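*Asks:* Before we start, here is the structure in question, set down as structure tokens.
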Amino acid sequence: MLIGVPKEIKNHEYRIGLTPAGARELIAHGHQVIVQRDGGKAIGLTDDQYAKAGAEIVDTAQEIFARADMIIKVKEPQPVECAMLRPGQLLYTYLHLAPDPEQTAALVKSGCTAIAYETVTDRKGGLPLLAPMSEVAGRMSIQAGAHALEKAQGGSGVLLGGVPGVKPAEVLVIGGGVVGINAARMAMGLNAHVTILDRSLDRLKYLDEVYGHQLTTIYSTHDAIEERLPYTDLVIGAVLIPGAAAPKLVSREQLKLMRPGSVLVDVAIDQGGCFETSKATTHQNPTYEVDGIIHYCVANMPGGVARTSTFALTNATLPYAIQLANKGARAMLDDEHLLNGLNVHAGKITYKAVADDLGYEYVPARQALV
């Protein structure tokens with residue numbers, strides 16, 4: 001199979017869909033890899049490294065989309081990229097379709113087979129291709145939130161960990177999954193006072209057993225959130241409903257409960273955001289203010305640490321990429337977890353949460369492929 005890796009074109013997106021080592025692995029399995037010139041240059045992955053791995057360097061994305069049987073990317077295809085996709089071509093990347101009707105319509109129109117990293121599952125019920133970026137985003141959320149709290153950034157001027165004689169900041173993490181745990185760990189490491197909310201009693205028990213008195217665990221309800229907002233300096237939105245739009249957990253009215261200069265970091269923004277006042281931002285202009293509250297809603301947070309993110313992502317995505325390269329779309333019929341990643345095939349929506357959120361007819365993935 002001929003596999004194409006274009007340069008990412010989203011604002012301040014420096015990741016690339018495949019490392020040179022990943023290219024070498026695919027080539028060792030008998031496949032060809034073409035990489036767009038300077039695709040990884042910004043993070044120190046040179047064309048020479050890809051060439052030494054056996055990949056062919058091409059000048060334009062147009063050539064990659066025209067020639068490749070499978071496209072491996074990081075972020076969702078932008079409109080100009082969607083227009084280059086064709087029937088039968090495999091697209092393997094993050095999609096986040098539920099809050100993005102324009103991209104969904106473009107993929108349906110293209111006739112391609114689109115596999116979303118964020119809905120591939122594993123035997124434990126996890127999301128193995130989302131997990132590494134969730135780990136990065138969770139940890140980054142505290143860095144970003146701490147910076148946004150600085151007075152020069154519009155924040156309240158609170159130091160996350162405090163100092164002797166001055167209490168630390170209050171951090172509220174909504175969601176105890178991969179993002180939430182990594183955010184909580186970073187905040188605790190900076191000596192903030194951290195509360196985490198989740199609706200899984202098993203998860204809350206686990207967190208209590210691991211972190212003990214360092215972490216306050218609370219069962220998540222609307223009341224629990226509302227009761228804590230007046231005292232919280234930094235709120236991390238870390239909820240996830242796989243493939244579906246995120247629920248809105250903090251309303252605009254509730255912003256009035258918070259102290260001016262407090263910060264909301266919405267890690268769920270790729271799925272539409274979990275705060276009513278959230279709107280996607282970029283690394284170039286990451287924050288905005290609503291009713292005195294600073295919002296950080298960068299839609300590709302891990303792109304800010306693009307080198308770390310690229311290696312972590314390829315480690316997770318490569319085994320499935322090899323399956324797809326070896327067998328084509330048929331690989332999904334042999335692996336139910338990879339099959340769960342199929343969101344669009346031949347003009348049909350094959351992921352129920354996306355179909356339900358956007359009003360499409362749902363066609364089960366296996367039925368669509370057979």
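In the structure tokens, chains take letters A, B, ... by order of appearance, with residues numbered from 1 within each chain and ligands from 1 in the order shown.
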Would you list, as a ChimeraX atom specification, the residues of segment 60-304 of chain A that end up in alpha helix (DSSP H) under DSSP run on this structure's backbone?
*Replies:* /A:61-67,79-82,101-110,131-148,178-189,201-211,222-228
*Asks:* I'd like the contact shell of Asp48 of chain A - 12 Å cut-off, only C-alpha atoms, skipping same-chain residues fewer than 3 positions apart - returned as a list in words.
*Replies:*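 Result of the neighbour search: Pro20, Val35, Arg37, Asp38, Gly39, Gly40, Lys41, Gly44, Leu45, Ala51, Lys52, Ala53, Gly54, Ala55, Glu56 and Ile57 of chain A.
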*Asks:* Just to be explicit: take each residue in the selection above, keep N, CA, C and O atoms, and write the result as a compact mmCIF listing (two decimals), in the first residue's frame.
*Replies:*
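Now in again06.txt:
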```
# COMPACT_ATOMS: atom_id res chain seq x y z
N PRO A 20 9.89 9.26 11.46
CA PRO A 20 10.74 8.44 10.58
C PRO A 20 10.78 6.97 11.00
O PRO A 20 10.77 6.08 10.14
N VAL A 35 6.17 11.37 2.07
CA VAL A 35 6.05 12.40 3.11
C VAL A 35 6.24 13.76 2.45
O VAL A 35 7.14 13.95 1.62
N ARG A 37 7.46 17.42 1.85
CA ARG A 37 8.71 18.10 2.18
C ARG A 37 8.53 19.04 3.38
O ARG A 37 7.55 19.78 3.46
N ASP A 38 9.47 18.96 4.30
CA ASP A 38 9.49 19.79 5.52
C ASP A 38 8.29 19.54 6.43
O ASP A 38 7.99 20.36 7.31
N GLY A 39 7.63 18.39 6.26
CA GLY A 39 6.45 18.09 7.08
C GLY A 39 6.74 18.04 8.57
O GLY A 39 5.92 18.42 9.39
N GLY A 40 7.94 17.57 8.94
CA GLY A 40 8.30 17.47 10.35
C GLY A 40 9.43 18.40 10.75
O GLY A 40 9.96 18.30 11.87
N LYS A 41 9.82 19.31 9.86
CA LYS A 41 10.98 20.16 10.09
C LYS A 41 10.87 20.97 11.37
O LYS A 41 11.86 21.14 12.10
N GLY A 44 12.11 19.13 14.35
CA GLY A 44 13.40 18.46 14.25
C GLY A 44 13.40 17.14 13.52
O GLY A 44 14.39 16.39 13.60
N LEU A 45 12.32 16.81 12.80
CA LEU A 45 12.27 15.60 12.00
C LEU A 45 12.51 16.01 10.55
O LEU A 45 11.63 16.56 9.90
N ALA A 51 14.03 10.15 4.50
CA ALA A 51 14.63 9.49 3.34
C ALA A 51 15.49 8.30 3.76
O ALA A 51 15.46 7.24 3.12
N LYS A 52 16.25 8.46 4.85
CA LYS A 52 17.07 7.35 5.36
C LYS A 52 16.20 6.19 5.83
O LYS A 52 16.62 5.03 5.78
N ALA A 53 14.98 6.50 6.28
CA ALA A 53 14.04 5.44 6.69
C ALA A 53 13.42 4.73 5.49
O ALA A 53 12.77 3.70 5.65
N GLY A 54 13.64 5.31 4.28
CA GLY A 54 13.11 4.68 3.07
C GLY A 54 11.93 5.38 2.46
O GLY A 54 11.37 4.92 1.45
N ALA A 55 11.51 6.52 3.04
CA ALA A 55 10.35 7.24 2.53
C ALA A 55 10.76 8.12 1.34
O ALA A 55 11.91 8.54 1.22
N GLU A 56 9.80 8.39 0.49
CA GLU A 56 9.99 9.31 -0.62
C GLU A 56 9.50 10.69 -0.20
O GLU A 56 8.42 10.82 0.39
N ILE A 57 10.27 11.72 -0.49
CA ILE A 57 9.88 13.09 -0.16
C ILE A 57 9.23 13.72 -1.38
O ILE A 57 9.81 13.68 -2.49
```
*Asks:* Go through segment 54-161 of chain A residue by residue and, counting only C-alpha atoms, keep those with an atom at most 12 Å from segment 212-232 of chain A; for each kept residue give the shortest atom pair and its distance in Å to one decimal, ordered by chain and increasing number, as CSV.
*Replies:*
```
residue,atom,partner,partner_atom,distance
A:Leu149,CA,A:Thr232,CA,11.7
A:Ser156,CA,A:Thr232,CA,11.3
A:Val158,CA,A:Thr232,CA,11.1
A:Leu160,CA,A:Thr232,CA,11.2
```
*Asks:* So that I can see what lies close to Met84 of chain A, please list as a list in words the residues with an atom at most 9 Å from it, counting only C-alpha atoms and leaving out residues fewer than 6 positions away in the same chain.
*Replies:*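 My reading of the contact set: Gln62, Phe65, Ala66 and Ser110 of chain A.
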*Asks:* What would the file look like if the residues just selected were written as a PDB file, in the first residue's frame with N, CA, C and O atoms?
*Replies:*
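Contents of out_28.pdb, as written:
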```
ATOM      1  N   GLN A  62      -0.975  18.094  -2.604  1.00  0.00           N
ATOM      2  CA  GLN A  62      -1.794  17.646  -3.733  1.00  0.00           C
ATOM      3  C   GLN A  62      -1.280  16.315  -4.290  1.00  0.00           C
ATOM      4  O   GLN A  62      -2.064  15.414  -4.604  1.00  0.00           O
ATOM      5  N   PHE A  65      -2.174  13.457  -1.736  1.00  0.00           N
ATOM      6  CA  PHE A  65      -3.576  13.058  -1.785  1.00  0.00           C
ATOM      7  C   PHE A  65      -3.921  12.367  -3.101  1.00  0.00           C
ATOM      8  O   PHE A  65      -4.766  11.475  -3.143  1.00  0.00           O
ATOM      9  N   ALA A  66      -3.269  12.766  -4.166  1.00  0.00           N
ATOM     10  CA  ALA A  66      -3.556  12.168  -5.477  1.00  0.00           C
ATOM     11  C   ALA A  66      -3.014  10.746  -5.582  1.00  0.00           C
ATOM     12  O   ALA A  66      -3.636   9.880  -6.214  1.00  0.00           O
ATOM     13  N   SER A 110     -16.957  13.134  -0.095  1.00  0.00           N
ATOM     14  CA  SER A 110     -15.724  12.624  -0.705  1.00  0.00           C
ATOM     15  C   SER A 110     -15.791  11.147  -1.046  1.00  0.00           C
ATOM     16  O   SER A 110     -15.091  10.677  -1.945  1.00  0.00           O
TER      17      SER A 110
END
```
*Asks:* Just checking: using only C-alpha atoms, which residue out of A:Asp233, A:Asp270, A:Glu81, A:Glu361 ends up closest to Leu95 of chain A?
*Replies:*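 Counting only C-alpha atoms, the residue closest to Leu95 of chain A is A:Asp270.
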*Asks:* Determine, for each residue of segment 79-143 of chain A having at least one atom at most 12 Å from an atom of segment 325-332 of chain A, the closest pair of atoms and their separation in Å to one decimal, counting only C-alpha atoms; order by chain and ascending number, as JSON lines.
*Replies:*
```
{"residue": "A:Gly88", "atom": "CA", "partner": "A:Ala329", "partner_atom": "CA", "distance": 8.9}
{"residue": "A:Gln89", "atom": "CA", "partner": "A:Ala329", "partner_atom": "CA", "distance": 9.4}
{"residue": "A:Leu90", "atom": "CA", "partner": "A:Ala329", "partner_atom": "CA", "distance": 7.6}
{"residue": "A:Leu91", "atom": "CA", "partner": "A:Ala329", "partner_atom": "CA", "distance": 10.5}
{"residue": "A:Tyr92", "atom": "CA", "partner": "A:Ala325", "partner_atom": "CA", "distance": 10.9}
{"residue": "A:Cys112", "atom": "CA", "partner": "A:Ala329", "partner_atom": "CA", "distance": 10.8}
{"residue": "A:Thr113", "atom": "CA", "partner": "A:Ala329", "partner_atom": "CA", "distance": 7.8}
{"residue": "A:Ala114", "atom": "CA", "partner": "A:Ala329", "partner_atom": "CA", "distance": 10.0}
{"residue": "A:Ile115", "atom": "CA", "partner": "A:Ala329", "partner_atom": "CA", "distance": 9.7}
{"residue": "A:Val120", "atom": "CA", "partner": "A:Met332", "partner_atom": "CA", "distance": 10.4}
{"residue": "A:Thr121", "atom": "CA", "partner": "A:Met332", "partner_atom": "CA", "distance": 11.9}
```
*Asks:* Near Met140 of chain A, within 9 Å and counting only C-alpha atoms, which residues show up once chain neighbours fewer than 6 positions away are dropped, as a list in words?
*Replies:*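 Everything that qualifies: Asn182, Ala183, Met186, Met301, Pro302, Gly304 and Val305 of chain A.
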*Asks:* Looking at A:Tyr206, A:Leu338, A:Arg366, A:Lys352, which one is nearest to Asp122 of chain A, with distances taken over only C-alpha atoms?
*Replies:*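 The answer is A:Leu338, which sits nearest to Asp122 of chain A.
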*Asks:* Please extract the residues of segment 246-292 of chain A with a backbone DSSP assignment of strand (DSSP E or B) and present them as a list of chain:residue names.
*Replies:*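 Strand (DSSP E or B) assignments inside segment 246-292 of chain A correspond to A:Val250, A:Val263, A:Leu264, A:Val265, A:Asp266, A:Phe275, A:Thr281, A:Thr287, A:Tyr288, A:Glu289, A:Val290.
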*Asks:* Please dump the current selection as a PDB file, in the first residue's frame; keep N, CA and C atoms.
*Replies:*
```pdb
ATOM      1  N   VAL A 250     -20.957  23.988  32.745  1.00  0.00           N
ATOM      2  CA  VAL A 250     -20.947  25.294  33.414  1.00  0.00           C
ATOM      3  C   VAL A 250     -21.631  26.284  32.472  1.00  0.00           C
ATOM      4  N   VAL A 263     -10.060  31.240  35.913  1.00  0.00           N
ATOM      5  CA  VAL A 263      -9.747  30.699  34.588  1.00  0.00           C
ATOM      6  C   VAL A 263     -10.482  29.385  34.351  1.00  0.00           C
ATOM      7  N   LEU A 264     -11.030  29.253  33.141  1.00  0.00           N
ATOM      8  CA  LEU A 264     -11.595  27.992  32.661  1.00  0.00           C
ATOM      9  C   LEU A 264     -10.705  27.464  31.538  1.00  0.00           C
ATOM     10  N   VAL A 265     -10.279  26.215  31.639  1.00  0.00           N
ATOM     11  CA  VAL A 265      -9.543  25.558  30.558  1.00  0.00           C
ATOM     12  C   VAL A 265     -10.411  24.413  30.056  1.00  0.00           C
ATOM     13  N   ASP A 266     -10.837  24.509  28.797  1.00  0.00           N
ATOM     14  CA  ASP A 266     -11.781  23.528  28.250  1.00  0.00           C
ATOM     15  C   ASP A 266     -11.036  22.542  27.351  1.00  0.00           C
ATOM     16  N   PHE A 275     -18.170  23.950  28.529  1.00  0.00           N
ATOM     17  CA  PHE A 275     -18.680  25.166  29.139  1.00  0.00           C
ATOM     18  C   PHE A 275     -19.538  25.887  28.102  1.00  0.00           C
ATOM     19  N   THR A 281     -10.277  28.271  20.256  1.00  0.00           N
ATOM     20  CA  THR A 281      -9.233  29.267  20.037  1.00  0.00           C
ATOM     21  C   THR A 281      -7.998  28.565  19.484  1.00  0.00           C
ATOM     22  N   THR A 287      -6.659  32.733  24.525  1.00  0.00           N
ATOM     23  CA  THR A 287      -7.631  33.057  25.570  1.00  0.00           C
ATOM     24  C   THR A 287      -8.550  34.199  25.162  1.00  0.00           C
ATOM     25  N   TYR A 288      -9.676  34.251  25.838  1.00  0.00           N
ATOM     26  CA  TYR A 288     -10.588  35.383  25.718  1.00  0.00           C
ATOM     27  C   TYR A 288     -11.336  35.479  27.051  1.00  0.00           C
ATOM     28  N   GLU A 289     -12.040  36.595  27.234  1.00  0.00           N
ATOM     29  CA  GLU A 289     -12.710  36.842  28.519  1.00  0.00           C
ATOM     30  C   GLU A 289     -14.221  36.963  28.323  1.00  0.00           C
ATOM     31  N   VAL A 290     -14.958  36.318  29.197  1.00  0.00           N
ATOM     32  CA  VAL A 290     -16.406  36.451  29.229  1.00  0.00           C
ATOM     33  C   VAL A 290     -16.817  36.751  30.669  1.00  0.00           C
TER      34      VAL A 290
END
```
*Asks:* Which is closest to Ala280 of chain A among A:Tyr296, A:Tyr117, A:Phe311, A:Tyr14, if we use only C-alpha atoms?
*Replies:*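 Of all the options, A:Tyr296 lies closest to Ala280 of chain A.
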*Asks:* So which residues touch segment 133-137 of chain A within 12 Å, counting only C-alpha atoms, skipping near sequence neighbours fewer than 5 positions away, as a PyMOL selection string?
*Replies:* chain A and resi 15+74-75+94+117-118+126-128+142-145+176-186+236-240+265-270+297-317
*Asks:* Looking at only C-alpha atoms, which of A:Gly189, A:Val363, A:Arg139, A:Val354 is the one that sits closest to Leu97 of chain A?
*Replies:*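 For Leu97 of chain A, the nearest of the given residues is A:Val354.
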*Asks:* Suppose you want the space between atom CA of Asp100 of chain A and atom CA of Leu342 of chain A; what is it in Å?
*Replies:*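 Straight-line distance from atom CA of Asp100 of chain A to atom CA of Leu342 of chain A works out to 16.4 Å.
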*Asks:* Which residues come within 12 Å of Leu159 of chain A, counting only C-alpha atoms, excluding same-chain residues fewer than 3 positions away, as a ChimeraX atom specification?
*Replies:* /A:142-143,145-151,155-156,162-164,166-171,187,190-193,233-234,262
*Asks:* Using Å and a single decimal, report how far atom CA of Gln367 of chain A sits from atom CA of Thr350 of chain A.
*Replies:*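 Rounded to one decimal, the two atoms are 8.8 Å apart.
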*Asks:* Could you pull the residues within 9 Å of segment 9-11 of chain A, counting only C-alpha atoms, minus those fewer than 4 positions along the same chain, as JSON, numbers by chain?
*Replies:* {"A": [75, 76, 77, 78, 282, 283, 284, 300]}
